[in-house]
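Have a look at coords.pdb below; it lists PDB, C-alpha atoms, pLDDT in the B column.
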```pdb
ATOM      1  CA  MET A  24      31.370 -95.664-173.961  1.00 47.00           C
ATOM      2  CA  VAL A  25      31.153 -91.850-173.642  1.00 43.00           C
ATOM      3  CA  ILE A  26      33.563 -91.960-170.724  1.00 49.00           C
ATOM      4  CA  LEU A  27      36.017 -94.088-172.729  1.00 39.00           C
ATOM      5  CA  ILE A  28      35.920 -91.687-175.708  1.00 44.00           C
ATOM      6  CA  THR A  29      36.316 -88.691-173.373  1.00 42.00           C
ATOM      7  CA  LEU A  30      39.333 -90.285-171.680  1.00 40.00           C
ATOM      8  CA  LEU A  31      40.830 -91.186-175.051  1.00 41.00           C
ATOM      9  CA  LEU A  32      40.415 -87.620-176.357  1.00 43.00           C
ATOM     10  CA  LEU A  33      41.842 -86.236-173.134  1.00 43.00           C
ATOM     11  CA  CYS A  34      44.921 -88.491-173.384  1.00 45.00           C
ATOM     12  CA  VAL A  35      45.462 -87.584-177.031  1.00 42.00           C
ATOM     13  CA  SER A  36      45.158 -83.841-176.332  1.00 44.00           C
ATOM     14  CA  LEU A  37      47.516 -84.024-173.333  1.00 43.00           C
ATOM     15  CA  GLY A  38      50.021 -86.120-175.222  1.00 46.00           C
ATOM     16  CA  SER A  39      50.158 -83.726-178.151  1.00 44.00           C
ATOM     17  CA  ALA A  40      50.305 -80.590-176.040  1.00 45.00           C
ATOM     18  CA  ALA A  41      53.735 -79.006-175.831  1.00 43.00           C
ATOM     19  CA  PRO A  42      55.216 -78.450-172.401  1.00 43.00           C
ATOM     20  CA  ALA A  43      54.326 -75.071-170.916  1.00 41.00           C
ATOM     21  CA  SER A  44      57.892 -73.824-171.230  1.00 38.00           C
ATOM     22  CA  ARG A  45      57.754 -74.195-175.035  1.00 40.00           C
ATOM     23  CA  ASP A  46      54.445 -72.347-175.245  1.00 41.00           C
ATOM     24  CA  ARG A  47      55.839 -69.242-173.583  1.00 41.00           C
ATOM     25  CA  VAL A  48      56.889 -66.490-175.885  1.00 41.00           C
ATOM     26  CA  THR A  49      59.900 -64.730-174.522  1.00 42.00           C
ATOM     27  CA  SER A  50      60.030 -61.060-175.315  1.00 48.00           C
ATOM     28  CA  ALA A  51      63.190 -59.588-176.734  1.00 52.00           C
ATOM     29  CA  PRO A  52      65.177 -57.390-174.372  1.00 60.00           C
ATOM     30  CA  ALA A  53      64.020 -53.796-174.345  1.00 71.00           C
ATOM     31  CA  VAL A  54      65.899 -51.507-176.713  1.00 83.00           C
ATOM     32  CA  VAL A  55      66.035 -48.962-173.883  1.00 90.00           C
ATOM     33  CA  SER A  56      65.264 -49.807-170.271  1.00 91.00           C
ATOM     34  CA  ASN A  57      63.600 -47.622-167.671  1.00 92.00           C
ATOM     35  CA  GLU A  58      66.902 -47.697-165.807  1.00 94.00           C
ATOM     36  CA  GLN A  59      68.769 -46.292-168.823  1.00 95.00           C
ATOM     37  CA  VAL A  60      66.209 -43.504-169.235  1.00 95.00           C
ATOM     38  CA  HIS A  61      66.566 -42.576-165.559  1.00 96.00           C
ATOM     39  CA  ASP A  62      70.370 -42.670-165.842  1.00 96.00           C
ATOM     40  CA  TRP A  63      70.231 -40.234-168.776  1.00 96.00           C
ATOM     41  CA  LEU A  64      67.851 -37.996-166.843  1.00 97.00           C
ATOM     42  CA  HIS A  65      70.173 -37.789-163.822  1.00 97.00           C
ATOM     43  CA  LEU A  66      73.285 -37.331-165.952  1.00 96.00           C
ATOM     44  CA  TRP A  67      71.823 -34.471-168.011  1.00 97.00           C
ATOM     45  CA  GLN A  68      70.045 -32.905-165.077  1.00 97.00           C
ATOM     46  CA  LYS A  69      73.431 -32.570-163.406  1.00 97.00           C
ATOM     47  CA  ARG A  70      75.188 -31.327-166.543  1.00 96.00           C
ATOM     48  CA  LEU A  71      72.489 -28.727-167.135  1.00 97.00           C
ATOM     49  CA  HIS A  72      72.575 -27.628-163.475  1.00 96.00           C
ATOM     50  CA  LEU A  73      68.952 -28.602-162.889  1.00 97.00           C
ATOM     51  CA  GLU A  74      69.562 -30.627-159.720  1.00 96.00           C
ATOM     52  CA  ASP A  75      67.221 -28.319-157.785  1.00 96.00           C
ATOM     53  CA  TRP A  76      64.328 -29.585-159.938  1.00 97.00           C
ATOM     54  CA  LYS A  77      62.466 -32.798-159.117  1.00 98.00           C
ATOM     55  CA  VAL A  78      62.096 -34.350-162.551  1.00 97.00           C
ATOM     56  CA  GLU A  79      60.367 -37.611-163.376  1.00 97.00           C
ATOM     57  CA  VAL A  80      60.696 -39.403-166.714  1.00 97.00           C
ATOM     58  CA  LYS A  81      58.176 -41.826-168.207  1.00 96.00           C
ATOM     59  CA  ILE A  82      58.331 -43.999-171.303  1.00 95.00           C
ATOM     60  CA  VAL A  83      54.912 -43.669-172.942  1.00 95.00           C
ATOM     61  CA  ARG A  84      53.113 -44.975-175.986  1.00 95.00           C
ATOM     62  CA  ILE A  85      52.595 -42.855-179.088  1.00 95.00           C
ATOM     63  CA  TRP A  86      48.961 -42.070-178.229  1.00 95.00           C
ATOM     64  CA  ASP A  87      50.102 -40.406-174.972  1.00 95.00           C
ATOM     65  CA  LEU A  88      52.049 -37.743-176.889  1.00 94.00           C
ATOM     66  CA  GLU A  89      51.005 -34.919-179.160  1.00 93.00           C
ATOM     67  CA  GLN A  90      50.983 -36.061-182.771  1.00 92.00           C
ATOM     68  CA  GLY A  91      54.365 -35.723-184.450  1.00 89.00           C
ATOM     69  CA  THR A  92      56.350 -35.451-181.201  1.00 91.00           C
ATOM     70  CA  LEU A  93      58.839 -37.784-179.559  1.00 92.00           C
ATOM     71  CA  GLY A  94      58.668 -36.232-176.103  1.00 95.00           C
ATOM     72  CA  HIS A  95      56.866 -33.749-173.901  1.00 95.00           C
ATOM     73  CA  ILE A  96      57.448 -31.960-170.614  1.00 96.00           C
ATOM     74  CA  ASP A  97      55.035 -30.478-168.092  1.00 95.00           C
ATOM     75  CA  TRP A  98      56.486 -28.362-165.307  1.00 95.00           C
ATOM     76  CA  SER A  99      55.670 -26.233-162.310  1.00 95.00           C
ATOM     77  CA  VAL A 100      58.120 -23.381-161.785  1.00 94.00           C
ATOM     78  CA  PRO A 101      56.945 -22.570-158.217  1.00 94.00           C
ATOM     79  CA  HIS A 102      57.337 -26.201-157.141  1.00 96.00           C
ATOM     80  CA  LYS A 103      60.351 -26.890-159.385  1.00 96.00           C
ATOM     81  CA  THR A 104      58.835 -30.160-160.524  1.00 97.00           C
ATOM     82  CA  ALA A 105      58.545 -31.623-163.995  1.00 97.00           C
ATOM     83  CA  VAL A 106      57.384 -34.755-165.767  1.00 98.00           C
ATOM     84  CA  ILE A 107      59.047 -35.765-169.024  1.00 97.00           C
ATOM     85  CA  LYS A 108      57.366 -38.233-171.358  1.00 97.00           C
ATOM     86  CA  VAL A 109      59.471 -39.963-174.024  1.00 96.00           C
ATOM     87  CA  LEU A 110      58.262 -42.199-176.825  1.00 95.00           C
ATOM     88  CA  ASN A 111      58.325 -45.939-176.221  1.00 94.00           C
ATOM     89  CA  PRO A 112      60.886 -47.708-178.450  1.00 93.00           C
ATOM     90  CA  ALA A 113      58.067 -49.952-179.711  1.00 93.00           C
ATOM     91  CA  ASP A 114      56.546 -46.912-181.452  1.00 92.00           C
ATOM     92  CA  TYR A 115      59.715 -45.663-183.131  1.00 93.00           C
ATOM     93  CA  GLU A 116      60.094 -45.820-186.890  1.00 91.00           C
ATOM     94  CA  LEU A 117      63.886 -45.607-186.654  1.00 91.00           C
ATOM     95  CA  PRO A 118      66.185 -48.631-186.840  1.00 90.00           C
ATOM     96  CA  LYS A 119      66.571 -50.140-183.353  1.00 92.00           C
ATOM     97  CA  ASP A 120      70.229 -49.130-183.112  1.00 91.00           C
ATOM     98  CA  LYS A 121      69.255 -45.440-183.554  1.00 93.00           C
ATOM     99  CA  VAL A 122      66.504 -45.406-180.914  1.00 93.00           C
ATOM    100  CA  PRO A 123      68.656 -45.025-177.754  1.00 93.00           C
ATOM    101  CA  ALA A 124      70.441 -41.922-179.053  1.00 94.00           C
ATOM    102  CA  ASP A 125      67.132 -40.380-180.088  1.00 94.00           C
ATOM    103  CA  MET A 126      65.553 -41.065-176.708  1.00 95.00           C
ATOM    104  CA  GLU A 127      68.518 -39.473-174.945  1.00 96.00           C
ATOM    105  CA  LEU A 128      68.166 -36.471-177.261  1.00 96.00           C
ATOM    106  CA  SER A 129      64.481 -36.215-176.323  1.00 96.00           C
ATOM    107  CA  ILE A 130      65.382 -36.120-172.617  1.00 97.00           C
ATOM    108  CA  VAL A 131      68.018 -33.428-173.145  1.00 97.00           C
ATOM    109  CA  HIS A 132      65.605 -31.438-175.339  1.00 96.00           C
ATOM    110  CA  GLU A 133      62.901 -31.494-172.680  1.00 97.00           C
ATOM    111  CA  LEU A 134      65.354 -30.557-169.924  1.00 97.00           C
ATOM    112  CA  VAL A 135      66.544 -27.539-171.929  1.00 96.00           C
ATOM    113  CA  HIS A 136      62.929 -26.337-171.867  1.00 94.00           C
ATOM    114  CA  LEU A 137      63.235 -26.001-168.088  1.00 95.00           C
ATOM    115  CA  HIS A 138      65.860 -23.279-168.513  1.00 91.00           C
ATOM    116  CA  LEU A 139      63.322 -21.339-170.566  1.00 90.00           C
ATOM    117  CA  SER A 140      60.441 -22.042-168.192  1.00 88.00           C
ATOM    118  CA  ALA A 141      60.832 -18.688-166.456  1.00 84.00           C
ATOM    119  CA  LEU A 142      59.970 -16.922-169.707  1.00 83.00           C
ATOM    120  CA  PRO A 143      56.328 -16.155-170.415  1.00 82.00           C
ATOM    121  CA  LEU A 144      54.613 -18.688-172.643  1.00 78.00           C
ATOM    122  CA  ASN A 145      53.887 -17.152-176.012  1.00 81.00           C
ATOM    123  CA  LYS A 146      52.158 -19.135-178.742  1.00 81.00           C
ATOM    124  CA  SER A 147      53.518 -16.841-181.447  1.00 83.00           C
ATOM    125  CA  SER A 148      57.121 -17.641-180.503  1.00 82.00           C
ATOM    126  CA  ARG A 149      56.599 -21.351-179.741  1.00 85.00           C
ATOM    127  CA  ASN A 150      58.089 -22.543-183.045  1.00 88.00           C
ATOM    128  CA  ALA A 151      61.146 -20.346-182.566  1.00 89.00           C
ATOM    129  CA  GLU A 152      61.575 -21.658-179.021  1.00 90.00           C
ATOM    130  CA  GLU A 153      61.349 -25.262-180.259  1.00 92.00           C
ATOM    131  CA  GLN A 154      64.002 -24.575-182.892  1.00 93.00           C
ATOM    132  CA  VAL A 155      66.349 -23.010-180.343  1.00 92.00           C
ATOM    133  CA  VAL A 156      65.797 -25.822-177.832  1.00 94.00           C
ATOM    134  CA  SER A 157      66.440 -28.402-180.568  1.00 94.00           C
ATOM    135  CA  MET A 158      69.666 -26.691-181.660  1.00 94.00           C
ATOM    136  CA  ILE A 159      70.953 -26.481-178.085  1.00 95.00           C
ATOM    137  CA  ALA A 160      70.061 -30.109-177.302  1.00 95.00           C
ATOM    138  CA  ASN A 161      71.696 -31.325-180.527  1.00 94.00           C
ATOM    139  CA  ALA A 162      74.808 -29.259-179.851  1.00 93.00           C
ATOM    140  CA  LEU A 163      75.124 -30.662-176.327  1.00 95.00           C
ATOM    141  CA  LEU A 164      74.843 -34.231-177.533  1.00 93.00           C
ATOM    142  CA  ASP A 165      77.261 -33.579-180.415  1.00 92.00           C
ATOM    143  CA  LEU A 166      79.789 -32.327-177.876  1.00 91.00           C
ATOM    144  CA  GLU A 167      79.160 -35.384-175.713  1.00 88.00           C
ATOM    145  CA  ARG A 168      79.652 -37.837-178.554  1.00 86.00           C
ATOM    146  CA  HIS A 169      82.250 -36.214-180.809  1.00 81.00           C
ATOM    147  CA  GLU A 170      84.326 -33.658-178.955  1.00 58.00           C
ATOM    148  CA  GLN A 171      88.043 -34.315-179.124  1.00 54.00           C
ATOM    149  CA  PRO A 172      90.202 -32.626-176.502  1.00 52.00           C
ATOM    150  CA  PRO A 173      92.498 -30.029-178.034  1.00 53.00           C
ATOM    151  CA  ALA A 174      96.118 -31.028-178.413  1.00 54.00           C
ATOM    152  CA  PRO A 175      98.465 -29.475-175.838  1.00 56.00           C
ATOM    153  CA  ASN A 176      99.542 -26.028-176.967  1.00 53.00           C
ATOM    154  CA  ALA A 177      97.420 -26.345-180.125  1.00 50.00           C
ATOM    155  CA  PHE A 178      96.937 -22.587-180.262  1.00 48.00           C
ATOM    156  CA  ALA A 179     100.574 -21.843-179.520  1.00 48.00           C
ATOM    157  CA  ASN A 180     101.686 -24.125-182.370  1.00 48.00           C
ATOM    158  CA  ALA A 181      99.334 -22.335-184.777  1.00 48.00           C
ATOM    159  CA  LEU A 182     101.039 -18.982-184.236  1.00 46.00           C
ATOM    160  CA  PRO A 183     103.767 -17.935-186.717  1.00 45.00           C
TER
END
```

Rendering of file as structure tokens:
Amino acid sequence: MVILITLLLLCVSLGSAAPASRDRVTSAPAVVSNEQVHDWLHLWQKRLHLEDWKVEVKIVRIWDLEQGTLGHIDWSVPHKTAVIKVLNPADYELPKDKVPADMELSIVHELVHLHLSALPLNKSSRNAEEQVVSMIANALLDLERHEQPPAPNAFANALP
């Protein structure tokens, strides 16, 4: 009798179980892929003339970054190596369509720091350095996204 009840329960549980393919939860495509992050790194490294640096980029979770930051860079001037960490899209509070542009900005921002890496580190001027780096990175991306080529002879036509 116990065997019969066990077999009956087993048949009922197998019959009501959904096929394995329905049980799988498919994850949505990543907002930004590792490949895209590496493409941005190589593009901006070239534009900023930092090809002589060996730079690695990692997408990291929020707890791997200093509080209130979206990215971080560690570098070695003698070895010309650097590691950039950028915030994982899963931890962003921005709308998903704004995340890629912000991640690219973070990469550019951290690369700009490499041009200042030869300067002595000074805690008293750190905020000023961050402001300057942010302005330069924003300006570069604004040029990339919005610059319109001047019309031919634009300056000549403006003369009286």

Discussion item. So, with all atoms listed in the file as the atoms that count, which of A:Val131, A:Ile159, A:Val83, A:Leu71 lies closest to Asn57 (chain A)?
Written reply: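 Checking each candidate against Asn57 (chain A), we get A:Val83 as the closest.
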
Centre and edge lengths of an axis-aligned box around all listed atoms of region 113-121 of chain A, with 3 Å added on each side, are to be given in Å to one decimal, as AutoDock Vina command-line options.
```
--center_x 63.4 --center_y -47.8 --center_z -183.3 --size_x 19.7 --size_y 10.7 --size_z 13.2
```

Worksheet item: Hey, can you check how far CA of Val156 (chain A) sits from CA of Leu142 (chain A)?
Response: 13.4 Å

Worksheet entry | Å distance separating CA of Asp114 (chain A) from CA of Gln154 (chain A), one decimal place | 23.6 Å

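We find CA of Val109 (chain A) and CA of Leu88 (chain A) to be spaced 8.3 Å apart.
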
Using the chain letters and numbers from this file, what does the PyMOL selection byres ((chain A and resi 133) around 12) select? Give the answer as a compact mmCIF listing (two decimals) with C-alpha atoms, keeping the file's coordinate frame.
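Result written to part17.txt:
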```txt
# COMPACT_ATOMS: atom_id res chain seq x y z
CA LEU A 64 67.85 -38.00 -166.84
CA TRP A 67 71.82 -34.47 -168.01
CA GLN A 68 70.04 -32.90 -165.08
CA LEU A 71 72.49 -28.73 -167.14
CA LEU A 73 68.95 -28.60 -162.89
CA VAL A 78 62.10 -34.35 -162.55
CA GLU A 79 60.37 -37.61 -163.38
CA VAL A 80 60.70 -39.40 -166.71
CA THR A 92 56.35 -35.45 -181.20
CA LEU A 93 58.84 -37.78 -179.56
CA GLY A 94 58.67 -36.23 -176.10
CA HIS A 95 56.87 -33.75 -173.90
CA ILE A 96 57.45 -31.96 -170.61
CA ASP A 97 55.04 -30.48 -168.09
CA TRP A 98 56.49 -28.36 -165.31
CA ALA A 105 58.54 -31.62 -164.00
CA VAL A 106 57.38 -34.76 -165.77
CA ILE A 107 59.05 -35.76 -169.02
CA LYS A 108 57.37 -38.23 -171.36
CA VAL A 109 59.47 -39.96 -174.02
CA MET A 126 65.55 -41.06 -176.71
CA GLU A 127 68.52 -39.47 -174.94
CA LEU A 128 68.17 -36.47 -177.26
CA SER A 129 64.48 -36.22 -176.32
CA ILE A 130 65.38 -36.12 -172.62
CA VAL A 131 68.02 -33.43 -173.14
CA HIS A 132 65.60 -31.44 -175.34
CA LEU A 134 65.35 -30.56 -169.92
CA VAL A 135 66.54 -27.54 -171.93
CA HIS A 136 62.93 -26.34 -171.87
CA LEU A 137 63.24 -26.00 -168.09
CA HIS A 138 65.86 -23.28 -168.51
CA LEU A 139 63.32 -21.34 -170.57
CA SER A 140 60.44 -22.04 -168.19
CA GLU A 152 61.58 -21.66 -179.02
CA GLU A 153 61.35 -25.26 -180.26
CA VAL A 155 66.35 -23.01 -180.34
CA VAL A 156 65.80 -25.82 -177.83
CA SER A 157 66.44 -28.40 -180.57
CA ILE A 159 70.95 -26.48 -178.08
CA ALA A 160 70.06 -30.11 -177.30
CA ASN A 161 71.70 -31.32 -180.53
```

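Between Trp63 (chain A) and the candidates A:Ala151, A:Leu166, A:Ala124, A:Leu144, the tightest atom-to-atom separation, counting all atoms listed in the file, involves A:Ala124.
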